[in-house]
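Enquirer: Contents are compact mmCIF, C-alpha atoms; file name structure-v7.txt:
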# COMPACT_ATOMS: atom_id res chain seq x y z
CA MET A 1 -24.25 -43.39 105.52
CA GLN A 2 -21.61 -45.80 106.78
CA GLN A 3 -20.61 -46.44 103.20
CA ILE A 4 -20.25 -42.75 102.40
CA ILE A 5 -17.98 -42.24 105.39
CA ASN A 6 -15.98 -45.30 104.42
CA PHE A 7 -15.65 -44.00 100.89
CA ILE A 8 -14.39 -40.64 102.13
CA LEU A 9 -11.92 -42.28 104.49
CA ARG A 10 -10.64 -44.63 101.84
CA ASN A 11 -10.13 -41.90 99.25
CA ARG A 12 -9.12 -39.08 101.57
CA SER A 13 -5.79 -38.50 99.82
CA PHE A 14 -7.45 -38.20 96.47
CA LEU A 15 -10.21 -35.97 97.80
CA LEU A 16 -7.71 -33.67 99.48
CA PHE A 17 -5.69 -33.57 96.28
CA ALA A 18 -8.80 -32.77 94.23
CA LEU A 19 -9.83 -30.05 96.65
CA LEU A 20 -6.42 -28.34 96.73
CA PHE A 21 -5.99 -28.69 92.97
CA GLY A 22 -9.40 -27.09 92.54
CA VAL A 23 -8.41 -24.20 94.80
CA SER A 24 -5.21 -23.56 92.85
CA LEU A 25 -7.05 -23.82 89.55
CA PHE A 26 -9.55 -21.27 90.82
CA LEU A 27 -6.70 -18.93 91.79
CA THR A 28 -5.09 -19.40 88.38
CA ILE A 29 -8.26 -18.62 86.48
CA GLN A 30 -8.95 -15.67 88.72
CA SER A 31 -5.51 -14.27 87.99
CA HIS A 32 -6.38 -14.28 84.30
CA THR A 33 -9.13 -11.77 84.93
CA TYR A 34 -7.91 -8.23 85.14
CA HIS A 35 -7.77 -6.80 88.69
CA LYS A 36 -9.08 -9.97 90.31
CA SER A 37 -6.07 -11.60 91.98
CA LYS A 38 -6.59 -9.87 95.30
CA PHE A 39 -4.72 -12.10 97.73
CA ILE A 40 -1.99 -13.92 95.87
CA ASN A 41 0.17 -11.10 94.57
CA SER A 42 3.62 -9.82 95.39
CA ALA A 43 2.39 -6.41 96.62
CA ASN A 44 1.61 -7.79 100.06
CA PHE A 45 3.35 -7.21 103.36
CA LEU A 46 5.50 -10.36 103.44
CA SER A 47 6.83 -10.58 99.91
CA GLY A 48 6.99 -6.81 99.51
CA ASN A 49 9.27 -6.44 102.48
CA ILE A 50 11.48 -9.37 101.49
CA TYR A 51 11.88 -7.94 97.98
CA LYS A 52 12.57 -4.51 99.44
CA THR A 53 15.35 -5.87 101.65
CA THR A 54 17.06 -7.76 98.84
CA HIS A 55 16.62 -4.80 96.51
CA GLY A 56 18.44 -2.71 99.12
CA ILE A 57 21.44 -4.97 98.59
CA SER A 58 21.22 -5.69 94.89
CA GLN A 59 20.68 -2.10 93.78
CA TYR A 60 24.35 -1.39 94.44
CA PHE A 61 25.39 -3.80 91.75
CA ASP A 62 23.94 -1.84 88.86
CA LEU A 63 24.39 1.60 90.37
CA LYS A 64 26.78 2.57 87.59
CA ILE A 65 24.34 1.74 84.79
CA GLN A 66 21.43 3.42 86.58
CA ASN A 67 23.55 6.55 87.04
CA GLU A 68 24.32 6.60 83.33
CA ILE A 69 20.62 6.24 82.49
CA LEU A 70 19.73 9.11 84.80
CA SER A 71 22.45 11.41 83.49
CA GLU A 72 21.38 10.57 79.93
CA GLU A 73 17.85 11.61 80.86
CA ASN A 74 19.14 14.80 82.45
CA LYS A 75 20.95 15.61 79.24
CA LYS A 76 17.79 15.09 77.23
CA LEU A 77 15.70 17.25 79.53
CA ARG A 78 18.31 20.00 79.55
CA GLN A 79 18.41 20.01 75.74
CA LEU A 80 14.64 20.32 75.68
CA LEU A 81 14.71 23.15 78.17
CA TYR A 82 17.28 25.25 76.31
CA SER A 83 16.05 24.57 72.81
CA LYS A 84 12.57 25.72 73.78
CA ASP A 85 14.01 28.81 75.38
CA ALA A 86 15.85 29.78 72.22
CA ALA A 87 12.95 29.08 69.88
CA ASP A 88 10.15 30.96 71.53
CA PRO A 89 10.74 32.42 74.96
CA ASP A 90 7.28 33.84 75.58
CA SER A 91 4.59 31.57 74.26
CA VAL A 92 5.21 28.31 76.13
CA SER A 93 5.74 27.74 79.77
CA LEU A 94 9.10 26.09 80.35
CA ASP A 95 7.91 23.94 83.19
CA SER A 96 5.85 21.10 81.80
CA PHE A 97 4.77 20.31 85.34
CA THR A 98 2.28 23.16 85.48
CA TYR A 99 -1.00 23.00 87.28
CA THR A 100 -3.02 23.25 84.10
CA SER A 101 -1.80 19.82 83.05
CA PRO A 102 -4.00 16.99 84.38
CA TYR A 103 -1.02 14.66 84.82
CA ARG A 104 0.92 14.31 88.06
CA PHE A 105 4.23 12.45 88.16
CA SER A 106 5.84 10.73 91.12
CA LYS A 107 8.93 8.55 91.26
CA ALA A 108 9.38 4.96 92.46
CA SER A 109 11.97 2.19 92.44
CA VAL A 110 11.51 -1.26 90.95
CA ILE A 111 12.06 -3.86 93.68
CA LYS A 112 11.11 -6.91 91.63
CA ASN A 113 11.04 -7.38 87.89
CA SER A 114 10.39 -10.42 85.75
CA PHE A 115 10.41 -10.92 81.99
CA GLY A 116 10.84 -14.66 81.43
CA LEU A 117 7.23 -15.69 82.07
CA LEU A 118 4.19 -15.22 79.90
CA ASN A 119 2.47 -12.90 82.38
CA ASN A 120 5.07 -10.64 83.91
CA TYR A 121 4.57 -8.27 86.81
CA ILE A 122 6.79 -5.63 88.37
CA THR A 123 6.68 -4.66 92.05
CA LEU A 124 7.31 -1.04 93.08
CA ASN A 125 8.21 0.38 96.48
CA LYS A 126 5.29 2.86 96.53
CA GLY A 127 1.72 2.09 97.56
CA GLN A 128 -1.49 3.63 98.83
CA LYS A 129 0.41 5.59 101.50
CA ASP A 130 2.11 7.45 98.64
CA SER A 131 -1.29 7.73 96.92
CA VAL A 132 -0.64 5.20 94.19
CA TYR A 133 -3.80 3.43 93.09
CA GLN A 134 -5.05 1.06 90.43
CA ASP A 135 -4.83 2.11 86.75
CA TYR A 136 -2.04 4.63 87.12
CA GLY A 137 0.47 4.54 84.28
CA VAL A 138 4.14 3.69 84.83
CA ILE A 139 6.94 4.93 82.55
CA SER A 140 10.71 5.04 82.69
CA SER A 141 13.01 7.62 81.16
CA ASN A 142 13.01 5.74 77.85
CA GLY A 143 9.38 4.73 77.43
CA ILE A 144 6.38 3.01 78.90
CA VAL A 145 6.65 0.21 81.46
CA GLY A 146 3.11 -0.80 82.39
CA ILE A 147 -0.04 -0.07 84.38
CA VAL A 148 -0.55 -0.34 88.16
CA ASP A 149 -2.78 -3.30 88.85
CA GLN A 150 -2.76 -4.00 92.60
CA THR A 151 -1.72 -1.83 95.51
CA SER A 152 -1.10 -2.43 99.20
CA ALA A 153 -0.19 0.13 101.85
CA LYS A 154 3.47 0.32 100.94
CA PHE A 155 3.86 -1.56 97.64
CA SER A 156 2.20 -1.78 94.28
CA ARG A 157 2.16 -4.37 91.53
CA VAL A 158 2.47 -3.25 87.92
CA MET A 159 1.24 -5.24 84.96
CA SER A 160 4.26 -5.00 82.69
CA ILE A 161 3.83 -4.40 78.94
CA LEU A 162 5.50 -7.83 78.75
CA ASN A 163 2.26 -9.47 79.88
CA SER A 164 0.01 -11.37 77.52
CA LYS A 165 -3.02 -9.66 79.10
CA SER A 166 -1.70 -6.14 78.63
CA ARG A 167 -3.54 -3.94 76.08
CA ILE A 168 -2.32 -0.39 75.53
CA ASN A 169 -3.49 2.18 73.02
CA ALA A 170 -0.63 3.25 70.75
CA GLN A 171 -0.20 5.12 67.49
CA LEU A 172 2.31 6.12 64.82
CA LYS A 173 4.20 9.29 65.60
CA LYS A 174 3.91 10.82 62.14
CA THR A 175 0.22 10.12 61.54
CA ASN A 176 -2.73 9.52 63.82
CA HIS A 177 -3.36 5.88 62.87
CA PHE A 178 -3.76 4.01 66.10
CA GLY A 179 -3.84 0.39 67.23
CA THR A 180 -3.46 -1.82 70.27
CA LEU A 181 -0.13 -2.79 71.80
CA LYS A 182 0.08 -6.45 72.84
CA TRP A 183 2.79 -8.94 73.71
CA GLU A 184 2.84 -12.44 72.27
CA GLY A 185 5.34 -13.68 74.83
CA LYS A 186 8.43 -14.41 72.76
CA SER A 187 11.14 -11.83 73.24
CA PRO A 188 11.36 -9.16 75.97
CA GLU A 189 12.56 -6.70 73.30
CA LEU A 190 9.69 -6.99 70.85
CA VAL A 191 6.03 -6.09 71.32
CA GLN A 192 3.27 -6.23 68.72
CA LEU A 193 1.08 -3.39 67.55
CA VAL A 194 -2.10 -4.78 65.99
CA ASP A 195 -5.18 -3.30 64.32
CA ILE A 196 -3.27 -0.59 62.44
CA PRO A 197 -5.43 0.06 59.34
CA LYS A 198 -3.81 -0.81 56.01
CA GLN A 199 -4.05 2.79 54.81
CA ALA A 200 -1.42 3.79 57.36
CA PRO A 201 1.97 4.59 55.81
CA VAL A 202 4.03 2.29 58.05
CA GLN A 203 7.74 2.11 57.38
CA LYS A 204 10.69 0.41 59.02
CA GLY A 205 12.20 2.61 61.69
CA ASP A 206 9.04 4.63 62.37
CA THR A 207 8.51 5.68 65.96
CA ILE A 208 5.51 4.39 67.92
CA ILE A 209 4.10 6.54 70.74
CA THR A 210 1.19 6.21 73.15
CA GLY A 211 -2.12 7.43 71.77
CA GLY A 212 -4.23 9.86 73.74
CA ARG A 213 -7.28 7.60 73.69
CA SER A 214 -6.78 6.01 77.06
CA THR A 215 -7.01 7.95 80.27
CA ILE A 216 -3.92 6.24 81.67
CA PHE A 217 -1.04 7.59 79.61
CA PRO A 218 -0.66 11.10 78.20
CA LYS A 219 -0.29 11.22 74.43
CA GLY A 220 3.21 11.10 72.99
CA ILE A 221 5.22 8.94 75.35
CA PRO A 222 7.74 7.04 73.20
CA ILE A 223 7.35 3.24 73.02
CA GLY A 224 9.64 1.89 70.33
CA SER A 225 10.48 1.72 66.65
CA VAL A 226 9.08 -0.45 63.86
CA VAL A 227 11.23 -3.47 63.01
CA SER A 228 8.93 -5.20 60.52
CA PHE A 229 5.27 -5.34 59.61
CA GLU A 230 2.88 -7.67 57.81
CA MET A 231 -0.82 -7.98 56.94
CA ASP A 232 -3.04 -10.01 59.24
CA GLU A 233 -5.29 -12.80 57.91
CA THR A 234 -8.17 -10.51 57.00
CA GLY A 235 -5.90 -8.28 54.90
CA ASN A 236 -7.25 -5.08 56.42
CA TYR A 237 -4.87 -4.47 59.26
CA PHE A 238 -1.13 -4.49 59.85
CA ILE A 239 0.62 -6.44 62.57
CA VAL A 240 3.66 -4.35 63.42
CA GLN A 241 6.67 -5.67 65.34
CA VAL A 242 7.91 -2.90 67.62
CA LYS A 243 11.35 -2.87 69.23
CA LEU A 244 11.08 -1.20 72.62
CA PHE A 245 13.25 1.82 73.47
CA ASN A 246 13.11 0.62 77.03
CA ASP A 247 15.31 -2.23 78.22
CA MET A 248 12.66 -4.12 80.17
CA THR A 249 15.27 -6.47 81.61
CA ASN A 250 17.05 -3.63 83.38
CA LEU A 251 14.62 -1.31 85.15
CA GLY A 252 15.70 0.84 88.08
CA HIS A 253 13.85 4.10 88.57
CA VAL A 254 10.39 4.66 87.13
CA TYR A 255 7.74 7.38 87.18
CA ILE A 256 4.11 6.88 88.12
CA ILE A 257 1.57 8.99 86.24
CA LYS A 258 -1.71 10.01 87.79
CA ASN A 259 -4.39 11.53 85.59
CA LEU A 260 -6.58 13.93 87.56
CA ASP A 261 -9.26 13.87 84.86
CA THR A 262 -9.79 10.09 84.82
CA GLU A 263 -12.90 10.14 86.93
CA GLU A 264 -14.54 12.91 84.95
CA ILE A 265 -13.79 11.23 81.61
CA ASN A 266 -15.05 7.87 82.84
CA THR A 267 -18.35 9.23 84.16
CA LEU A 268 -18.87 11.08 80.89
CA GLU A 269 -18.20 7.95 78.84
CA THR A 270 -20.51 5.75 80.91
CA GLN A 271 -23.24 8.39 80.58
CA ASN A 272 -22.91 8.20 76.83
CA GLU A 273 -23.39 4.45 76.86
CA GLN A 274 -26.65 4.61 78.75
CA MET B 1 11.72 -36.38 115.57
CA ASN B 2 11.80 -32.73 116.63
CA SER B 3 15.07 -32.07 114.91
CA SER B 4 13.74 -33.54 111.68
CA ILE B 5 10.68 -31.26 111.79
CA GLY B 6 13.01 -28.31 112.34
CA MET B 7 15.13 -29.46 109.44
CA HIS B 8 12.12 -29.61 107.15
CA ILE B 9 10.94 -26.14 108.13
CA THR B 10 14.42 -24.74 107.51
CA ARG B 11 14.60 -26.53 104.19
CA PHE B 12 11.18 -25.15 103.21
CA ILE B 13 12.17 -21.54 103.96
CA LEU B 14 15.62 -21.82 102.40
CA LEU B 15 14.31 -23.38 99.21
CA VAL B 16 11.55 -20.75 98.84
CA LEU B 17 14.05 -17.93 99.32
CA LEU B 18 16.54 -19.55 96.93
CA GLN B 19 13.79 -19.93 94.35
CA VAL B 20 12.23 -16.47 94.49
CA LEU B 21 15.38 -14.42 95.05
CA ILE B 22 17.86 -16.16 92.78
CA LEU B 23 16.48 -18.87 90.53
CA ASN B 24 13.46 -16.90 89.31
CA HIS B 25 15.82 -14.28 87.92
CA ILE B 26 18.13 -16.53 85.94
CA ASN B 27 16.05 -16.28 82.73
CA PHE B 28 18.53 -18.26 80.66
CA LEU B 29 17.77 -17.52 76.97
CA ASN B 30 14.98 -15.24 78.25
CA TYR B 31 12.61 -17.93 79.48
CA ILE B 32 14.38 -20.94 80.99
CA ASN B 33 14.33 -21.05 84.78
CA PRO B 34 15.05 -23.98 87.09
CA TYR B 35 12.48 -24.72 89.78
CA ALA B 36 14.63 -26.23 92.51
CA TYR B 37 12.00 -25.83 95.24
CA LEU B 38 10.76 -29.20 93.98
CA LEU B 39 13.64 -30.67 95.96
CA PHE B 40 11.44 -30.31 99.06
CA ILE B 41 8.81 -32.56 97.50
CA LEU B 42 11.41 -34.99 96.17
CA LEU B 43 13.22 -35.40 99.48
CA TYR B 44 10.23 -35.37 101.84
CA PRO B 45 10.38 -38.57 103.93
CA ILE B 46 8.21 -41.44 102.80
CA SER B 47 5.71 -41.68 105.61
CA ASN B 48 2.18 -42.85 105.93
CA ASN B 49 0.71 -39.42 106.42
CA ARG B 50 0.03 -38.57 102.81
CA GLN B 51 -2.58 -35.91 103.55
CA LEU B 52 -0.12 -33.78 105.51
CA PHE B 53 2.43 -34.10 102.73
CA ILE B 54 -0.08 -33.03 100.06
CA PHE B 55 -1.13 -30.08 102.16
CA ILE B 56 2.45 -28.93 102.82
CA SER B 57 3.20 -29.18 99.11
CA PHE B 58 0.19 -26.99 98.42
CA LEU B 59 1.50 -24.41 100.88
CA LEU B 60 4.92 -24.56 99.25
CA GLY B 61 3.48 -23.92 95.80
CA LEU B 62 1.25 -21.16 97.07
CA THR B 63 4.21 -19.40 98.71
CA ILE B 64 6.10 -19.48 95.41
CA ASP B 65 3.00 -18.12 93.65
CA LEU B 66 2.75 -15.33 96.17
CA PHE B 67 6.22 -14.15 95.27
CA SER B 68 6.11 -14.61 91.52
CA ASP B 69 2.59 -13.24 90.82
CA SER B 70 1.48 -16.34 89.00
CA GLY B 71 -2.01 -17.02 90.37
CA GLY B 72 -2.06 -20.63 91.52
CA ILE B 73 0.04 -22.45 88.94
CA HIS B 74 2.86 -23.50 91.27
CA ALA B 75 0.36 -24.68 93.88
CA ALA B 76 -1.48 -26.81 91.33
CA ALA B 77 1.73 -28.32 89.97
CA SER B 78 3.14 -29.05 93.44
CA VAL B 79 -0.05 -30.72 94.62
CA THR B 80 -0.05 -32.92 91.53
CA ALA B 81 3.59 -33.85 92.07
CA ALA B 82 2.95 -34.67 95.73
CA TYR B 83 -0.13 -36.75 94.99
CA THR B 84 1.51 -38.82 92.26
CA ARG B 85 4.84 -39.23 94.04
CA PRO B 86 4.16 -42.73 95.49
CA LEU B 87 3.46 -43.99 91.98
CA PHE B 88 6.83 -42.77 90.71
CA LEU B 89 8.61 -44.03 93.82
CA LYS B 90 7.19 -47.47 93.21
CA PHE B 91 8.22 -47.32 89.56
CA ALA B 92 11.75 -46.12 90.27
CA PHE B 93 12.65 -48.08 93.38
CA GLY B 94 10.51 -51.19 93.00
CA THR B 95 10.37 -53.53 95.96
CA SER B 96 12.54 -51.51 98.31
CA TYR B 97 9.84 -48.82 98.26
CA GLU B 98 7.23 -51.32 99.31
CA HIS B 99 9.33 -52.28 102.30
CA GLN B 100 9.68 -48.59 103.19
CA THR B 101 13.44 -48.79 103.13
CA VAL B 102 14.18 -46.26 100.43
CA LYS B 103 16.77 -43.63 101.27
CA ILE B 104 17.38 -41.03 98.57
CA SER B 105 20.87 -40.30 99.88
CA THR B 106 22.03 -43.90 99.63
CA SER B 107 20.11 -44.92 96.54
CA ASP B 108 21.49 -45.94 93.21
CA PHE B 109 22.20 -43.05 90.82
CA GLY B 110 20.09 -44.51 88.01
CA GLN B 111 17.09 -45.03 90.27
CA ARG B 112 17.40 -41.54 91.65
CA LEU B 113 17.61 -40.05 88.17
CA THR B 114 14.47 -41.93 87.05
CA TYR B 115 12.56 -40.78 90.11
CA PHE B 116 13.64 -37.14 89.78
CA THR B 117 12.94 -37.05 86.04
CA LEU B 118 9.42 -38.43 86.36
CA VAL B 119 8.35 -36.08 89.15
CA VAL B 120 10.01 -33.00 87.61
CA VAL B 121 8.61 -33.55 84.11
CA LEU B 122 5.06 -34.05 85.41
CA HIS B 123 5.34 -30.99 87.65
CA HIS B 124 6.66 -28.81 84.83
CA LEU B 125 4.06 -30.06 82.38
CA VAL B 126 1.23 -29.06 84.72
CA LEU B 127 3.01 -25.81 85.56
CA PHE B 128 3.53 -24.63 82.00
CA SER B 129 0.18 -25.85 80.72
CA LEU B 130 -1.47 -23.66 83.32
CA GLU B 131 0.91 -20.77 82.70
CA VAL B 132 0.38 -20.72 78.95
CA PHE B 133 -3.28 -21.70 79.40
CA SER B 134 -4.07 -22.21 75.76
CA SER B 135 -4.04 -25.30 73.59
CA SER B 136 -2.96 -23.34 70.51
CA HIS B 137 0.46 -22.74 72.09
CA ILE B 138 1.13 -26.39 72.83
CA ILE B 139 4.58 -26.27 71.22
CA LEU B 140 5.59 -23.42 73.50
CA THR B 141 4.35 -25.40 76.51
CA LEU B 142 6.33 -28.48 75.53
CA LYS B 143 9.43 -26.46 74.74
CA LYS B 144 9.35 -24.73 78.11
CA THR B 145 8.71 -28.05 79.88
CA LEU B 146 11.62 -29.77 78.16
CA PHE B 147 14.26 -27.11 78.71
CA SER B 148 13.27 -26.14 82.22
CA SER B 149 13.06 -29.81 83.23
CA ILE B 150 16.63 -30.47 82.12
CA PHE B 151 17.78 -27.46 84.11
CA THR B 152 15.79 -28.44 87.23
CA ILE B 153 16.87 -32.10 87.21
CA LEU B 154 20.52 -31.11 86.89
CA LEU B 155 20.26 -28.65 89.73
CA CYS B 156 18.39 -31.09 91.99
CA LEU B 157 21.01 -33.81 91.38
CA ILE B 158 23.83 -31.40 92.13
CA PHE B 159 22.13 -30.30 95.35
CA THR B 160 21.53 -33.84 96.56
CA VAL B 161 25.15 -34.74 95.88
CA LEU B 162 26.44 -31.63 97.61
CA PHE B 163 24.20 -31.67 100.65
CA THR B 164 23.99 -35.32 101.65
CA ARG B 165 26.04 -36.36 104.64
CA ASN B 166 28.75 -38.83 103.86
CA THR B 167 27.69 -41.95 105.72
CA LYS B 168 30.99 -43.75 105.44
What's the structure tokens form of this structure?

Expert:
Amino acid sequence: MQQIINFILRNRSFLLFALLFGVSLFLTIQSHTYHKSKFINSANFLSGNIYKTTHGISQYFDLKIQNEILSEENKKLRQLLYSKDAADPDSVSLDSFTYTSPYRFSKASVIKNSFGLLNNYITLNKGQKDSVYQDYGVISSNGIVGIVDQTSAKFSRVMSILNSKSRINAQLKKTNHFGTLKWEGKSPELVQLVDIPKQAPVQKGDTIITGGRSTIFPKGIPIGSVVSFEMDETGNYFIVQVKLFNDMTNLGHVYIIKNLDTEEINTLETQNEQ
Amino acid sequence: MNSSIGMHITRFILLVLLQVLILNHINFLNYINPYAYLLFILLYPISNNRQLFIFISFLLGLTIDLFSDSGGIHAAASVTAAYTRPLFLKFAFGTSYEHQTVKISTSDFGQRLTYFTLVVVLHHLVLFSLEVFSSSHIILTLKKTLFSSIFTILLCLIFTVLFTRNTK
């Protein structure tokens, strides 16, 4: 017994080091599992409020660019509104925000954004108080941004599409061939669309949109355009390099999408599996 | 003694804020960031209480992790740097370390550079190995370690030159 105590006393620095290293390793591995990093994330009270305060100052610096982005979006929406009106005034409802649609949109501001790491997260200034919960989609005026992954009372953390763990269902605009959108961590402008079958008529410049197969995003949200494509090792699927429409390094205002049907679809799908 | 504890707490908070609010957003060439919060570990006084030092370094890393959503990679790297620091001190400063007379502010530039380089490179190697977390991307890990280390060492040297009191 004496010897054990002596051993512990003699090596207490090393034991403390091993213990703390083990704790941090545990936290690291936990953060690699989706939805698991409960405590160490930026959507908590302390870091959320600090980011909010600094965002309050720094947002003035790119006010001009954000205004241009918003007015560009207004122009787009106005064009859509009037072109629909002229084409067929009776058959479609002008307001896409009708109560028959299962999707509800709400707005939020980005208070922290990163794109230089391998696993990037974005922090938003809306949380559970504004009824934002896990697995809601996040888009900007130009395309998709990511998926809500952790929420606190006033803030939420979004797993950016620039995250090596992110997997999003996407498809070609002109046909229904779909694949999975991933990021290999090189450039914040390029994402990769994998598992597109080789029968698909992919061409440079084609538009990629979200597929309707996930319950998170509605079908048809623009993602980017094809820059290049090649066969994977098996020779059955394409790996497509997609240039994002969105500038992920400059995000200001975003929209959070809630799907009212998620629960119903999920219960139905789990029933099928049983 | 009290004023030195106060100074260390202030330094801790200032370096964390500097790191998470400014340096984490530099993204030079999209992925190169300096990690100047290491300055706290580099400049912590050489005392006998190693356990406290290791624990404070862990807290420092964990605070950075909290802000940058990175799990526990900064905590792991900081703890490693803190634990191995005496080894590098001995290597860089030789006998004057053994007599406990080392002062970073008055030390030779070459010795200081050696000491900073060793601690920073080890810290960054652990940091990026855990961030990338895959042996098939070892080139990416090494590339990130190399470039970020250069950036961090430069910044740390500039800070120590700027913020040391002129003793003359």

Enquirer: Please determine the residues with any atom at most 9 Å from (-0.2, -12.2, 90.9) (coordinates as given in the file, with all atoms listed in the file counting) and report them as a PyMOL selection string.

Expert: (chain A and resi 31+37-43+119-121+150+157) or (chain B and resi 65-72)

Enquirer: Would you pick out the contacts of segment 212-219 of chain A at 7 Å or less, using only C-alpha atoms, so that residues sharing its chain but fewer than 4 positions from it are not included, and give the list as a ChimeraX atom specification?

Expert: /A:135-137,169,259,262

Enquirer: Could you work out which residues of chain B fall inside 10 Å of chain A? Count all atoms listed in the file, and format the result as a count of residues only.

Expert: 52

Enquirer: One number please: atom CA of Phe40 of chain B to atom CA of Ile158 of chain B, in Å, one decimal.

Expert: 14.2 Å

Enquirer: Find the residues near Gly56 of chain A: any atom within 12 Å, counting all atoms listed in the file, skip ones fewer than 4 places away on the same chain, and give them as a ChimeraX atom specification.

Expert: /A:49-52,60-63,109-112,125,252

Enquirer: Distance atom CA of Ser152 of chain A-atom CA of Glu264 of chain A, one decimal place?

Expert: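 Between atom CA of Ser152 of chain A and atom CA of Glu264 of chain A the gap works out to 24.9 Å.
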
Enquirer: Got a sec: who's within 9 Å of Lys126 of chain A, counting all atoms listed in the file, leaving out chain neighbours fewer than 4 positions off, as number ranges by chain?

Expert: A: 107-109, 130-132, 151-156

Enquirer: Looking at A:Leu193, A:Ser101, A:Gln199, A:Asp206, which one is nearest to Lys173 of chain A, with distances taken over only C-alpha atoms?

Expert: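 Of all the options, A:Asp206 lies closest to Lys173 of chain A.
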
Enquirer: List every protein, DNA or RNA residue that has an atom no more than 6 Å from (15.5, -31.3, 95.5) in the file's coordinate frame, counting all atoms listed in the file, and report them as a PyMOL selection string.

Expert: chain B and resi 36+38-40+42+156

Enquirer: What is the atom CA of Val191 of chain A to atom CA of Gly205 of chain A distance in Å?

Expert: 14.4 Å

Enquirer: How big is the axis-aligned box, and where does its centre sit, when it encloses all atoms of segment 159-164 of chain A listed in the file and has 5 Å added on every side, reported in Å to one decimal as JSON?

Expert:
{"center_x": 2.8, "center_y": -7.9, "center_z": 81.2, "size_x": 15.5, "size_y": 17.0, "size_z": 17.4}
